[in-house]
Amino acid sequence: MKPLAYRMRPQNLDQVVGQKHLIGPGKIIRRMVEVHLLSSMILYGPPGIGKTSIASAIAGSTKYAFRKLNAATDGKKQLKQVAEEAKMSGTVILLLDEIHRLDKTKQDYLLPLLESGQVILIGATTENPYIAISPAIRSRCQIFELKPLSAKDAEQAIMRALNDKENGLGNYNVELTDEAKKLLIDKGNGDLRSTLNALELAVLSTKQELEDENEKADHILISEAEMTNSIQMKNHAFDAKADGHYDLISAFQKSIRGSDTDAALHYLACLIESGDLISICRRLTVIAYEDIGLANPAACQRAVIAINAAQKIGFPEARIPLANAVIELALSPKSNSAISAIDEALSDVRNNPFSPVPNNLKDAHYKGAKKLNHGNNYIYPHDFPNDWVAQQYLPDQLMNANYFKPKGNSKIERGFKTNYTNLKKLQRDNLNGRN
């Protein structure tokens, strides 16, 4: 017998759970189906949220032939079979799973079929198509992002499966306790395929105890304990190479930058569950110096110490120093003045003609340097009070450059700001006086 998730696959758009932004009344995919004006598309999002369901529903609603291939495992031979069928029947809807793994040979064969309209491609992927799919395929497809299913969506699918006597579990007269249903929804984490298959296992493996051995059970009651033994650990989209991983990294940094400690800890926990200690440590180091920076240099140093400790001890204990660092960085004053300064300096270097180093700063540790005027007139700051003396350091073309713009969001950075402003003024006044 085929799995419940397969049997409950929608035959029309009205049976699709969730994704109302695409298949709801007046929305784009429903409009395309209603006027029979389909175009190739790419559906992307986490596993089990309806990519295949939408493809089969489109095929069912339009009565076109529907074929399913996998870009990783099916070859040109299978594509040829689809092409031949399209020539015979007019149009075939091809669901191509893992479309991000389509190689150039298969892509080159597929493109003319898309151009002619013989094949309407529905590509399914968990990867971001703007990153993982070739421009040639992208340019011929509309791209739709599927949203994670809500608890209400998952409950709707569960109840439909329990009541469907033809394809579902309606003949078993199943009753779920509220606790069992909540557990099933929570552990499914929006993956409807996993949720429905766990439900089927719970129903088929639950035996009812009867007082009379000759009595026949008129329904199956599934408790929280029975559901617990029928479902796998919560399904997370934590593939370190997937798009969702980079979304987590992004949310992690933005939460610390925004001083939301609880959100930062939440995303840290998600990243810890992914097991990718390398990415966590790298990103946390970047955050420390990019977002906290000169507002609290000591916090940056302590973050590096915590990161080193985490790398030495590994998981699960690494979570402890990482949490210390995250909490301190989230609650610390913030400043991006350092990264802004270096980026502005880089912009000058990249976009302006090369500015030669002033002669007085050039290397003079070789014979003949003096004849070239290299190092001549250099003034040694340590020979002067406070180890400072006014002299030109920037190239002539950049004499008025002012890259560092301290914000003064902390006492420390206000001190940097005062020193920077005073030194710039002293240097400018002295150099102008000499000129």
# chains A, B, ... in the order shown; residues from 1 in each chain; ligands from 1
call {"tool": "select_by_dssp", "arguments": {"residues": "stretch 6-227 of chain A", "states": "strand (DSSP E)", "output": "PyMOL selection string"}}
result
chain A and resi 41-44+65-70+92-97+119-125+142-145+174-176+220-222
call {"tool": "residues_around", "arguments": {"residues": "stretch 100-105 of chain A", "least_positions_apart": "6", "cutoff": "6 Å", "atoms": "only C-alpha atoms", "output": "ChimeraX atom specification"}}
result
/A:71-72,132-133
call {"tool": "atom_distance", "arguments": {"atom1": "atom CA of A:Lys147", "atom2": "atom CA of A:Gly45"}}
result
6.8 Å
call {"tool": "residues_around", "arguments": {"residues": "A:Gly48", "least_positions_apart": "3", "cutoff": "9 Å", "atoms": "only C-alpha atoms", "output": "list in words"}}
result
Gly45, Lys51, Thr52, Gly190, Asp191, Leu192, Arg193, Ser194 and Thr195 of chain A
call {"tool": "select_by_dssp", "arguments": {"residues": "stretch 219-418 of chain A", "states": "helix (DSSP H, G or I)", "output": "VMD selection string"}}
result
chain A and resid 224 to 228 243 to 257 261 to 274 277 to 295 297 to 313 319 to 331 337 to 351 359 to 361 381 to 383 385 to 387 396 to 398 411 to 418
call {"tool": "residues_around", "arguments": {"residues": "A:Ser89", "least_positions_apart": "4", "cutoff": "12 Å", "atoms": "only C-alpha atoms", "output": "number ranges by chain"}}
result
A: 63-66, 82-85, 93, 118-119
call {"tool": "write_last_selection", "arguments": {"atoms": "C-alpha atoms", "output": "mmCIF file, in the first residue's frame"}}
result
data_model
loop_
_atom_site.group_PDB
_atom_site.id
_atom_site.type_symbol
_atom_site.label_atom_id
_atom_site.label_comp_id
_atom_site.auth_asym_id
_atom_site.auth_seq_id
_atom_site.Cartn_x
_atom_site.Cartn_y
_atom_site.Cartn_z
ATOM 1 C CA LYS A 63 -6.502 17.378 -17.235
ATOM 2 C CA TYR A 64 -3.025 17.499 -18.762
ATOM 3 C CA ALA A 65 -0.783 14.456 -18.558
ATOM 4 C CA PHE A 66 1.391 14.607 -15.453
ATOM 5 C CA VAL A 82 8.246 12.857 -21.723
ATOM 6 C CA ALA A 83 8.937 14.701 -24.987
ATOM 7 C CA GLU A 84 7.476 11.851 -27.054
ATOM 8 C CA GLU A 85 4.376 11.786 -24.880
ATOM 9 C CA ILE A 93 3.157 18.831 -17.109
ATOM 10 C CA GLN A 118 5.224 21.053 -25.339
ATOM 11 C CA VAL A 119 6.362 20.639 -21.760
#
call {"tool": "residues_around", "arguments": {"residues": "A:Ser332", "least_positions_apart": "2", "cutoff": "8 Å", "atoms": "only C-alpha atoms", "output": "list in words"}}
result
Ser259, Ile292, Asn296, Ala299, Glu328, Leu329, Ala330 and Lys334 of chain A
call {"tool": "closest_residue", "arguments": {"among": "A:Ile305, A:Glu413, A:Ser337, A:Val326", "to": "A:Tyr267", "atoms": "only C-alpha atoms"}}
result
A:Val326
call {"tool": "residues_around", "arguments": {"residues": "stretch 136-145 of chain A", "least_positions_apart": "4", "cutoff": "12 Å", "atoms": "only C-alpha atoms", "output": "PyMOL selection string"}}
result
chain A and resi 19-23+27-29+32+38-46+49-51+54+99-104+106-117+119-132
call {"tool": "residues_around", "arguments": {"residues": "A:Asp153", "least_positions_apart": "2", "cutoff": "10 Å", "atoms": "only C-alpha atoms", "output": "list of chain:residue names"}}
result
A:Val16, A:Val17, A:Gly18, A:Gln19, A:Ile49, A:Pro148, A:Leu149, A:Ser150, A:Ala151, A:Glu155, A:Gln156, A:Ala157, A:Ile158, A:Ile185, A:Gly190, A:Leu192
call {"tool": "write_last_selection", "arguments": {"atoms": "N, CA and C atoms", "output": "compact mmCIF listing (two decimals), in the first residue's frame"}}
result
# COMPACT_ATOMS: atom_id res chain seq x y z
N VAL A 16 -5.54 21.60 -2.00
CA VAL A 16 -4.19 21.95 -1.53
C VAL A 16 -4.28 22.65 -0.19
N VAL A 17 -3.45 22.25 0.74
CA VAL A 17 -3.42 22.85 2.07
C VAL A 17 -2.39 23.98 2.08
N GLY A 18 -2.80 25.15 2.58
CA GLY A 18 -1.89 26.29 2.66
C GLY A 18 -1.62 26.92 1.31
N GLN A 19 -0.59 27.78 1.25
CA GLN A 19 -0.15 28.45 0.02
C GLN A 19 -1.24 29.29 -0.63
N ILE A 49 5.94 20.86 2.13
CA ILE A 49 4.98 21.95 2.33
C ILE A 49 4.08 22.18 1.11
N PRO A 148 5.99 28.31 4.81
CA PRO A 148 5.81 27.21 5.78
C PRO A 148 4.35 27.06 6.17
N LEU A 149 3.91 25.84 6.37
CA LEU A 149 2.52 25.60 6.75
C LEU A 149 2.29 25.96 8.21
N SER A 150 1.16 26.54 8.49
CA SER A 150 0.81 26.89 9.87
C SER A 150 0.23 25.66 10.58
N ALA A 151 0.08 25.78 11.90
CA ALA A 151 -0.53 24.69 12.67
C ALA A 151 -1.96 24.43 12.20
N GLU A 155 -3.44 20.92 10.81
CA GLU A 155 -4.64 20.32 11.41
C GLU A 155 -5.68 20.02 10.34
N GLN A 156 -5.82 20.92 9.39
CA GLN A 156 -6.77 20.71 8.30
C GLN A 156 -6.42 19.45 7.51
N ALA A 157 -5.13 19.26 7.22
CA ALA A 157 -4.70 18.08 6.48
C ALA A 157 -4.91 16.81 7.28
N ILE A 158 -4.65 16.87 8.59
CA ILE A 158 -4.85 15.70 9.46
C ILE A 158 -6.31 15.28 9.48
N ILE A 185 1.32 17.79 15.30
CA ILE A 185 1.50 19.05 14.56
C ILE A 185 2.84 19.68 14.90
N GLY A 190 5.60 21.61 10.15
CA GLY A 190 5.20 22.10 8.84
C GLY A 190 5.47 21.15 7.69
N LEU A 192 4.28 18.32 5.88
CA LEU A 192 3.03 17.57 5.83
C LEU A 192 3.26 16.11 5.48
call {"tool": "closest_residue", "arguments": {"among": "A:Val349, A:Met8, A:Ala295, A:Ile249", "to": "A:Asp164", "atoms": "only C-alpha atoms"}}
result
A:Met8
